[in-house]
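These notes concern the structure reproduced below.
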Amino acid sequence: MTVEERLRATTEAVTEAMRPVRPLDLRPEAVNAQAPAKRRLPRHSRRWPGWLIPLAAAMAVIAVAATLVAVRSLSAAGPAARPTPAATSTVTLPNGVPRYYVSLTDFGTSSNGSPMRNAFLGDAKTGKQLATFLPPSDAVFAATASSSDGRTFVLDAAVAADLGPGATSRDESSPTTQRWYVLRLTPGATQHPLLTRVPIASPYTDTAIFGLAVSPDGQTLAILSHADATSKSPPGLITLRTYSLATGQLLRTWTAPGSSSAQAAFTGMSWLDDGRTVAFTYPPVAKHQDIRTLDTTIPGTNLIAGSHPVFPLPTFTTCYYGLLTADGKAVICGTFDANCSGRRPELTVYSVATGKLERVLYRYQGTCVFATAMVGWAKSATLAIGLIEISKPDKHPLPAPNMMGVVTPGKFTMLSVAPKAITYDSPGEIAF
Amino acid sequence: MTETPAPPSAAEGEVTALYQAHATGLVRLAMLMLADQSAAEDVVQDAFLGLYRRWGKLNDPDRAITYVRSSVLNGCRDVLRRRSRRIPAALLEPNAAPAEASVLLAEEHREVLAALRRLPDRQREAVILRHCLGMREDEAAAAMNVSRGTVKSTSHRGLAALAKILKEAQ
């Protein structure tokens with residue numbers, strides 16, 4: 001039985017177990033008794049104020065008309081792009097840590113009912129938000145990835161034909177496709193950076209994307225996907241393709257059999273510093289998964305035969321979104337479902353050579369109700385960027401106390417990132 | 001916070017009609033989140049009371065049910081947080097979640113509910129809205145106040161995490 005079938009069966013069982021629902025009590029004493037409780041529940045801090053939404057929707061239309069997704073600096077964007085006040089203190093970044101990042105952020109729905117998700121470019125050194133990118137109105141940003149030189153970012157936008165202006169609802173039968181955009185940062189440039197479309201002839205209609213990686217030189221994009229991943233039959237292939245980011249030309253293709261039960265579990269895919277090797281998690285959903293490496297310069301088209309398992313991932317609860325370090329020597333794992341009184345949120349390092357736990361790179365020692373630790377960027381066994389998502393008593397809702405910082409053995413140096421950047425809970429939502 | 005003015009007289013009829021039409025579905029949503037019908041009904045009642053109090057301020061009464069659905073999700077998050085503060089850590093392990101005991105279900109369904117409780121908030125909500133209740137992506141997005149893309153990616157990630165949790169429990 002698939003997970004979806006189990007969910008449906010459980011839903012039916014819950015429905016059958018329900019007693020008749022009691023009538024609504026609108027007596028004045030009930031209404032008045034309820035009011036103070038509601039006042040104790042503030043709105044989610046990461047949501048944008050409702051008055052921003054119409055302006056933001058208008059800006060999205062402008063972006064479509066311009067073909068390119070226009071980059072807007074804070075000064076140019078006006079109130080619609082004004083973020084939650086960002087930290088402005090300057091931090092000293094350890095050598096080799098990227099200064100810039102791109103983060104995806106939800107900010108409500110447009111006036112025609114289309115949900116909105118923008119991307120913003122931030123400076124982790126100064127805490128400034130440098131630019132905001134709005135997707136075309138028929139698309140939403142789904143994932144981002146970056147090169148290890150910290151100068152090239154790629155954005156995946158999921159496009160639905162019926163999400164355009166005037167749309168009032170989403171037809172589930174309408175196919176979803178993908179568009180790809182690249183952002184290149186030029187040192188010393190005085191103009192705003194532009195997000196430009198990569199002319200990939202997309203074969204990704206109704207295909208789940210579960211991994212993106214950009215080569216260290218920023219010239220090549222690797223996309224790991226699964227056609228028909230969410231349909232019952234027949235399952236499509238799991239495919240890894242590489243493309244030129246300059247031209248959109250398809251360079252190489254590797255395939256492996258798919259699975260009808262596989263889901264688009266966006267994984268911590270990475271491109272190693274040697275410039276040749278891509279690391280990915282396979283199979284996408286299974287009790288036993290491996291991180292595999294593929295040398296993209298060796299001939300072949302078989303994703304499994306052409307790649308090598310380098311590290312058997314520990315259980316999901318032990319290793320949350322493990323990521324192979326850029327030097328290929330270690331895997332850094334996060335922690336899922338920690339509670340601070342038993343399991344603590346921590347980032348752990350496993351040796352690829354031995355497969356054994358090498359060290360606890362960082363362990364959060366504060367209080368929490370529950371917490372999740374994730375690695376967002378991993379240079380080596382001793383240098384990474386981590387996020388500790390913490391829920392504390394009387395802090396409702398998340399993510400106010402979250403922390404994002406540079407992690408070295410036993411030390412967590414907070415990054416000066418915009419508050420909105422620390423809301424991600426899985427790979428692909430932020431790239432350094 | 002300023003005091004909300006008294007709702008218009010028409011509000012009671014409108015809100016009651018909405019409750020009669022949607023309460024069962026919303027309680028089911030809250031039960032999947034909380035595994036406790038009494039708590040689920042409390043959350044749904046609170047959401048409708050909130051709607052009633054704010055009826056005069058609604059810009060678009062046609063979207064009232066979207067507002068209520070979001071309120072139910074917020075209420076469930078709050079209950080889960082209060083519950084997690086109250087329950088000893090040892091009981092938060094998947095096979096010992098106490099809330100499931102309040103719904104008479106077979107073991108395999110209790111396992112699913114316990115696994116759902118272990119997902120991060122957004123993943124749990126996306127999975128329940130999309131795969132338990134069969135809502136469209138745009139409906140789920142409106143309820144969660146996130147984008148369609150987020151619903152799609154988050155529900156996929158949630159399903160993947162759920163699959164792993166259930167496999168590990170085997």
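All residue names refer to the structure tokens as shown: chains lettered A, B, ... in order, residues numbered from 1 in each chain, ligands numbered from 1 in order.
Residues in contact with Asp121 in chain B at up to 8 Å, not including ones fewer than 3 positions away on its chain and judged by only C-alpha atoms, are B:Arg77, B:Arg124, B:Glu125.
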Output file for the selection above: C-alpha atoms, as a compact mmCIF listing (two decimals), in the first residue's frame:
```
# COMPACT_ATOMS: atom_id res chain seq x y z
CA ARG B 77 -0.75 24.68 15.37
CA ARG B 124 1.89 18.18 7.78
CA GLU B 125 -0.66 20.75 6.67
```
Problem - Nearby residues (only C-alpha atoms) at most 8 Å from range 4-13 of chain A, same-chain spacing under 3 positions excluded, as a VMD selection string - result: (chain A and resid 1 16 to 17) or (chain B and resid 32 105 109 112 to 113 131 to 133 159)
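The protein and nucleic acid residues lying at most 12 Å from Thr92 in chain A are A:Ser89, A:Asn95, A:Gly96, A:Val97, A:Pro98, A:Arg99, A:Ala124, A:Lys125, A:Thr126, A:Gly127, A:Gly405, A:Val406, A:Thr413, A:Met414, A:Leu415, A:Ser416, with only C-alpha atoms considered and sequence neighbours fewer than 3 positions away removed.
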Could you dump the residues just selected with N, CA and C atoms as an mmCIF file, in the first residue's frame?
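Generated file (result03.cif):
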```
data_model
loop_
_atom_site.group_PDB
_atom_site.id
_atom_site.type_symbol
_atom_site.label_atom_id
_atom_site.label_comp_id
_atom_site.auth_asym_id
_atom_site.auth_seq_id
_atom_site.Cartn_x
_atom_site.Cartn_y
_atom_site.Cartn_z
ATOM 1 N N SER A 89 23.937 44.802 11.079
ATOM 2 C CA SER A 89 25.289 44.697 11.594
ATOM 3 C C SER A 89 26.133 43.867 10.642
ATOM 4 N N ASN A 95 36.848 32.598 6.006
ATOM 5 C CA ASN A 95 37.371 32.443 4.654
ATOM 6 C C ASN A 95 36.650 31.304 3.927
ATOM 7 N N GLY A 96 36.211 31.583 2.713
ATOM 8 C CA GLY A 96 35.566 30.555 1.905
ATOM 9 C C GLY A 96 34.070 30.504 2.030
ATOM 10 N N VAL A 97 33.502 31.266 2.959
ATOM 11 C CA VAL A 97 32.046 31.264 3.121
ATOM 12 C C VAL A 97 31.436 32.262 2.138
ATOM 13 N N PRO A 98 30.453 31.846 1.344
ATOM 14 C CA PRO A 98 29.865 32.774 0.373
ATOM 15 C C PRO A 98 29.158 33.928 1.061
ATOM 16 N N ARG A 99 29.262 35.079 0.426
ATOM 17 C CA ARG A 99 28.686 36.276 1.030
ATOM 18 C C ARG A 99 27.212 36.452 0.661
ATOM 19 N N ALA A 124 24.912 38.261 3.247
ATOM 20 C CA ALA A 124 25.054 37.693 4.589
ATOM 21 C C ALA A 124 26.081 38.430 5.425
ATOM 22 N N LYS A 125 26.886 39.260 4.809
ATOM 23 C CA LYS A 125 27.890 40.006 5.556
ATOM 24 C C LYS A 125 27.288 41.248 6.215
ATOM 25 N N THR A 126 26.432 41.942 5.448
ATOM 26 C CA THR A 126 25.865 43.187 5.960
ATOM 27 C C THR A 126 24.432 43.029 6.456
ATOM 28 N N GLY A 127 23.803 41.946 6.080
ATOM 29 C CA GLY A 127 22.398 41.773 6.451
ATOM 30 C C GLY A 127 21.442 42.485 5.532
ATOM 31 N N GLY A 405 23.589 30.243 10.595
ATOM 32 C CA GLY A 405 24.948 30.701 10.812
ATOM 33 C C GLY A 405 25.998 29.780 10.237
ATOM 34 N N VAL A 406 27.222 30.281 10.277
ATOM 35 C CA VAL A 406 28.375 29.501 9.844
ATOM 36 C C VAL A 406 28.760 28.563 10.979
ATOM 37 N N THR A 413 28.464 30.817 14.270
ATOM 38 C CA THR A 413 28.568 32.254 14.057
ATOM 39 C C THR A 413 27.343 32.716 13.293
ATOM 40 N N MET A 414 26.492 33.461 13.965
ATOM 41 C CA MET A 414 25.233 33.884 13.339
ATOM 42 C C MET A 414 25.506 34.713 12.098
ATOM 43 N N LEU A 415 24.799 34.395 11.032
ATOM 44 C CA LEU A 415 24.879 35.193 9.817
ATOM 45 C C LEU A 415 23.905 36.353 9.924
ATOM 46 N N SER A 416 24.255 37.427 9.257
ATOM 47 C CA SER A 416 23.410 38.606 9.288
ATOM 48 C C SER A 416 22.417 38.545 8.131
#
```
Handout entry: Non-local contacts of Val15 in chain B (12 Å; only C-alpha atoms; under 6 positions in same chain excluded) as a PyMOL selection string
Key = (chain A and resi 23-26) or (chain B and resi 7-9+21-23+45+47-56+61-62+64-65+68)
Take the selection from the previous step and output its residues with N, CA and C atoms, as a short mmCIF file (atom, residue, chain, number, x, y, z; two decimals), in the first residue's frame.
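Now in selection.cif:
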```cif
data_model
loop_
_atom_site.label_atom_id
_atom_site.label_comp_id
_atom_site.auth_asym_id
_atom_site.auth_seq_id
_atom_site.Cartn_x
_atom_site.Cartn_y
_atom_site.Cartn_z
N PRO A 23 -23.41 21.67 17.54
CA PRO A 23 -23.80 22.90 16.84
C PRO A 23 -22.94 24.09 17.26
N LEU A 24 -22.95 25.09 16.41
CA LEU A 24 -22.18 26.31 16.69
C LEU A 24 -22.86 27.10 17.80
N ASP A 25 -22.08 27.54 18.74
CA ASP A 25 -22.60 28.29 19.88
C ASP A 25 -22.25 29.76 19.69
N LEU A 26 -23.26 30.55 19.28
CA LEU A 26 -23.01 31.98 19.07
C LEU A 26 -23.64 32.84 20.16
N PRO B 7 -20.99 42.43 15.65
CA PRO B 7 -21.23 42.01 14.27
C PRO B 7 -22.64 42.37 13.84
N PRO B 8 -22.84 42.55 12.54
CA PRO B 8 -24.18 42.88 12.06
C PRO B 8 -25.12 41.72 12.31
N SER B 9 -26.41 42.04 12.32
CA SER B 9 -27.40 41.03 12.67
C SER B 9 -27.43 39.89 11.66
N ALA B 21 -22.63 23.95 6.72
CA ALA B 21 -22.14 23.40 5.45
C ALA B 21 -20.72 22.83 5.57
N HIS B 22 -19.92 23.40 6.44
CA HIS B 22 -18.50 23.08 6.41
C HIS B 22 -17.94 22.49 7.71
N ALA B 23 -18.73 22.51 8.78
CA ALA B 23 -18.16 22.12 10.07
C ALA B 23 -17.62 20.69 10.07
N GLN B 45 -14.88 25.61 16.38
CA GLN B 45 -15.79 26.59 17.01
C GLN B 45 -15.10 27.94 17.14
N ALA B 47 -12.69 29.10 15.41
CA ALA B 47 -12.51 29.71 14.09
C ALA B 47 -13.79 30.39 13.62
N PHE B 48 -14.92 29.74 13.82
CA PHE B 48 -16.19 30.34 13.40
C PHE B 48 -16.57 31.52 14.30
N LEU B 49 -16.26 31.43 15.57
CA LEU B 49 -16.51 32.58 16.44
C LEU B 49 -15.67 33.77 16.00
N GLY B 50 -14.43 33.50 15.61
CA GLY B 50 -13.58 34.57 15.09
C GLY B 50 -14.18 35.16 13.82
N LEU B 51 -14.70 34.32 12.96
CA LEU B 51 -15.35 34.80 11.73
C LEU B 51 -16.55 35.67 12.09
N TYR B 52 -17.33 35.20 13.04
CA TYR B 52 -18.53 35.91 13.46
C TYR B 52 -18.17 37.31 13.98
N ARG B 53 -17.14 37.37 14.78
CA ARG B 53 -16.74 38.65 15.35
C ARG B 53 -16.24 39.61 14.27
N ARG B 54 -15.66 39.07 13.23
CA ARG B 54 -15.06 39.91 12.19
C ARG B 54 -15.92 40.02 10.94
N TRP B 55 -17.12 39.52 11.00
CA TRP B 55 -17.94 39.45 9.79
C TRP B 55 -18.09 40.81 9.12
N GLY B 56 -18.28 41.83 9.91
CA GLY B 56 -18.47 43.16 9.35
C GLY B 56 -17.23 43.74 8.70
N PRO B 61 -17.00 38.33 1.63
CA PRO B 61 -17.64 37.24 2.37
C PRO B 61 -17.59 35.91 1.63
N ASP B 62 -17.44 35.97 0.30
CA ASP B 62 -17.38 34.71 -0.46
C ASP B 62 -16.13 33.91 -0.09
N ALA B 64 -15.04 33.66 2.94
CA ALA B 64 -15.08 33.45 4.39
C ALA B 64 -14.57 32.06 4.77
N ILE B 65 -14.92 31.07 3.96
CA ILE B 65 -14.52 29.72 4.33
C ILE B 65 -13.00 29.55 4.23
N VAL B 68 -11.78 30.86 7.43
CA VAL B 68 -12.01 29.91 8.53
C VAL B 68 -11.02 28.75 8.46
#
```
Name the residues in contact with Leu155 in chain A at a cut-off of 12 Å, using only C-alpha atoms, excluding same-chain residues fewer than 6 positions from it; report them as a JSON list (two decimals) with N, CA and C atoms, in the first residue's frame.
```json
[["chain", "number", "residue", "atom", "x", "y", "z"],
["A", 69, "VAL", "N", 12.54, 38.87, -15.80],
["A", 69, "VAL", "CA", 12.08, 39.15, -14.45],
["A", 69, "VAL", "C", 12.98, 40.24, -13.91],
["A", 102, "VAL", "N", 20.45, 33.51, -2.12],
["A", 102, "VAL", "CA", 19.11, 33.73, -2.68],
["A", 102, "VAL", "C", 18.14, 32.89, -1.88],
["A", 103, "SER", "N", 17.06, 33.50, -1.46],
["A", 103, "SER", "CA", 16.06, 32.81, -0.63],
["A", 103, "SER", "C", 14.69, 32.98, -1.25],
["A", 104, "LEU", "N", 13.89, 31.93, -1.20],
["A", 104, "LEU", "CA", 12.52, 31.99, -1.70],
["A", 104, "LEU", "C", 11.58, 32.28, -0.53],
["A", 117, "ARG", "N", 5.15, 33.94, -4.74],
["A", 117, "ARG", "CA", 6.37, 33.56, -4.04],
["A", 117, "ARG", "C", 7.51, 34.28, -4.74],
["A", 118, "ASN", "N", 8.20, 35.12, -4.02],
["A", 118, "ASN", "CA", 9.29, 35.84, -4.65],
["A", 118, "ASN", "C", 10.63, 35.25, -4.23],
["A", 119, "ALA", "N", 11.67, 35.80, -4.80],
["A", 119, "ALA", "CA", 13.02, 35.41, -4.41],
["A", 119, "ALA", "C", 13.77, 36.69, -4.08],
["A", 120, "PHE", "N", 14.61, 36.63, -3.10],
["A", 120, "PHE", "CA", 15.40, 37.83, -2.86],
["A", 120, "PHE", "C", 16.86, 37.47, -2.69],
["A", 121, "LEU", "N", 17.66, 38.45, -3.10],
["A", 121, "LEU", "CA", 19.12, 38.32, -3.00],
["A", 121, "LEU", "C", 19.57, 39.05, -1.75],
["A", 133, "PHE", "N", 13.12, 39.62, -6.54],
["A", 133, "PHE", "CA", 12.72, 39.14, -7.87],
["A", 133, "PHE", "C", 11.30, 38.59, -7.79],
["A", 134, "LEU", "N", 10.48, 39.08, -8.67],
["A", 134, "LEU", "CA", 9.10, 38.61, -8.69],
["A", 134, "LEU", "C", 8.90, 37.70, -9.89],
["A", 135, "PRO", "N", 8.24, 36.60, -9.71],
["A", 135, "PRO", "CA", 8.04, 35.69, -10.85],
["A", 135, "PRO", "C", 6.99, 36.23, -11.80],
["A", 139, "ALA", "N", 3.62, 31.85, -12.96],
["A", 139, "ALA", "CA", 4.62, 30.92, -12.43],
["A", 139, "ALA", "C", 4.87, 31.19, -10.96],
["A", 140, "VAL", "N", 5.41, 30.22, -10.30],
["A", 140, "VAL", "CA", 5.88, 30.40, -8.93],
["A", 140, "VAL", "C", 7.30, 29.85, -8.84],
["A", 141, "PHE", "N", 8.14, 30.51, -8.08],
["A", 141, "PHE", "CA", 9.48, 29.99, -7.88],
["A", 141, "PHE", "C", 9.39, 28.74, -7.00],
["A", 142, "ALA", "N", 10.05, 27.70, -7.45],
["A", 142, "ALA", "CA", 9.96, 26.42, -6.73],
["A", 142, "ALA", "C", 11.24, 26.05, -6.03],
["A", 143, "ALA", "N", 12.39, 26.43, -6.58],
["A", 143, "ALA", "CA", 13.66, 26.02, -5.97],
["A", 143, "ALA", "C", 14.78, 26.91, -6.47],
["A", 144, "THR", "N", 15.87, 26.90, -5.74],
["A", 144, "THR", "CA", 17.05, 27.66, -6.14],
["A", 144, "THR", "C", 18.30, 26.85, -5.81],
["A", 145, "ALA", "N", 19.37, 27.15, -6.56],
["A", 145, "ALA", "CA", 20.66, 26.50, -6.33],
["A", 145, "ALA", "C", 21.75, 27.48, -6.73],
["A", 146, "SER", "N", 22.97, 27.23, -6.31],
["A", 146, "SER", "CA", 24.04, 28.18, -6.61],
["A", 146, "SER", "C", 25.34, 27.46, -6.88],
["A", 178, "GLN", "N", 8.28, 23.79, -16.47],
["A", 178, "GLN", "CA", 9.31, 24.49, -15.71],
["A", 178, "GLN", "C", 10.01, 25.53, -16.59],
["A", 179, "ARG", "N", 10.39, 26.62, -15.97],
["A", 179, "ARG", "CA", 11.29, 27.59, -16.61],
["A", 179, "ARG", "C", 12.48, 27.78, -15.70],
["A", 180, "TRP", "N", 13.58, 28.15, -16.30],
["A", 180, "TRP", "CA", 14.81, 28.28, -15.54],
["A", 180, "TRP", "C", 15.39, 29.67, -15.73],
["A", 181, "TYR", "N", 15.83, 30.24, -14.64],
["A", 181, "TYR", "CA", 16.40, 31.58, -14.68],
["A", 181, "TYR", "C", 17.77, 31.55, -14.00],
["A", 182, "VAL", "N", 18.66, 32.39, -14.49],
["A", 182, "VAL", "CA", 19.99, 32.47, -13.90],
["A", 182, "VAL", "C", 20.25, 33.91, -13.46],
["A", 183, "LEU", "N", 20.90, 34.03, -12.34],
["A", 183, "LEU", "CA", 21.31, 35.33, -11.80],
["A", 183, "LEU", "C", 22.82, 35.30, -11.64],
["A", 184, "ARG", "N", 23.50, 36.20, -12.28],
["A", 184, "ARG", "CA", 24.97, 36.25, -12.16],
["A", 184, "ARG", "C", 25.36, 37.55, -11.49],
["A", 195, "LEU", "N", 17.82, 38.87, -13.56],
["A", 195, "LEU", "CA", 17.50, 37.45, -13.62],
["A", 195, "LEU", "C", 17.11, 37.16, -15.07],
["A", 196, "THR", "N", 17.90, 36.36, -15.74],
["A", 196, "THR", "CA", 17.62, 36.12, -17.15],
["A", 196, "THR", "C", 17.21, 34.67, -17.37],
["A", 197, "ARG", "N", 16.34, 34.49, -18.34],
["A", 197, "ARG", "CA", 15.83, 33.15, -18.60],
["A", 197, "ARG", "C", 16.86, 32.31, -19.33],
["A", 198, "VAL", "N", 16.99, 31.06, -18.90],
["A", 198, "VAL", "CA", 17.86, 30.11, -19.57],
["A", 198, "VAL", "C", 17.00, 29.38, -20.60],
["A", 211, "GLY", "N", 16.17, 17.77, -7.54],
["A", 211, "GLY", "CA", 17.54, 18.15, -7.27],
["A", 211, "GLY", "C", 18.07, 19.12, -8.31],
["A", 212, "LEU", "N", 18.76, 20.14, -7.86],
["A", 212, "LEU", "CA", 19.43, 21.10, -8.73],
["A", 212, "LEU", "C", 20.85, 21.27, -8.24],
["A", 213, "ALA", "N", 21.79, 21.43, -9.16],
["A", 213, "ALA", "CA", 23.16, 21.75, -8.77],
["A", 213, "ALA", "C", 23.79, 22.57, -9.88],
["A", 214, "VAL", "N", 24.62, 23.51, -9.49],
["A", 214, "VAL", "CA", 25.31, 24.37, -10.45],
["A", 214, "VAL", "C", 26.80, 24.09, -10.32],
["A", 221, "LEU", "N", 24.35, 23.55, -15.43],
["A", 221, "LEU", "CA", 23.27, 23.24, -14.50],
["A", 221, "LEU", "C", 22.94, 21.76, -14.59],
["A", 223, "ILE", "N", 20.10, 18.92, -13.42],
["A", 223, "ILE", "CA", 18.72, 18.81, -12.94],
["A", 223, "ILE", "C", 18.39, 17.33, -12.76],
["A", 245, "LEU", "N", 24.43, 26.78, -19.02],
["A", 245, "LEU", "CA", 23.66, 27.91, -18.51],
["A", 245, "LEU", "C", 23.73, 29.10, -19.45],
["A", 428, "GLY", "N", 16.65, 23.53, -1.35],
["A", 428, "GLY", "CA", 16.10, 24.19, -2.52],
["A", 428, "GLY", "C", 15.43, 25.52, -2.22],
["A", 429, "GLU", "N", 15.24, 25.86, -0.95],
["A", 429, "GLU", "CA", 14.57, 27.11, -0.63],
["A", 429, "GLU", "C", 15.55, 28.24, -0.38],
["A", 430, "ILE", "N", 16.81, 27.90, -0.21],
["A", 430, "ILE", "CA", 17.84, 28.92, -0.05],
["A", 430, "ILE", "C", 19.12, 28.38, -0.66],
["A", 431, "ALA", "N", 19.89, 29.27, -1.26],
["A", 431, "ALA", "CA", 21.15, 28.85, -1.88],
["A", 431, "ALA", "C", 22.23, 29.87, -1.55]]
```
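Distances from B:Ala40, B:Gly13, B:Thr24, B:Ala143 to chain A were compared using only C-alpha atoms, and the smallest one belongs to B:Thr24.
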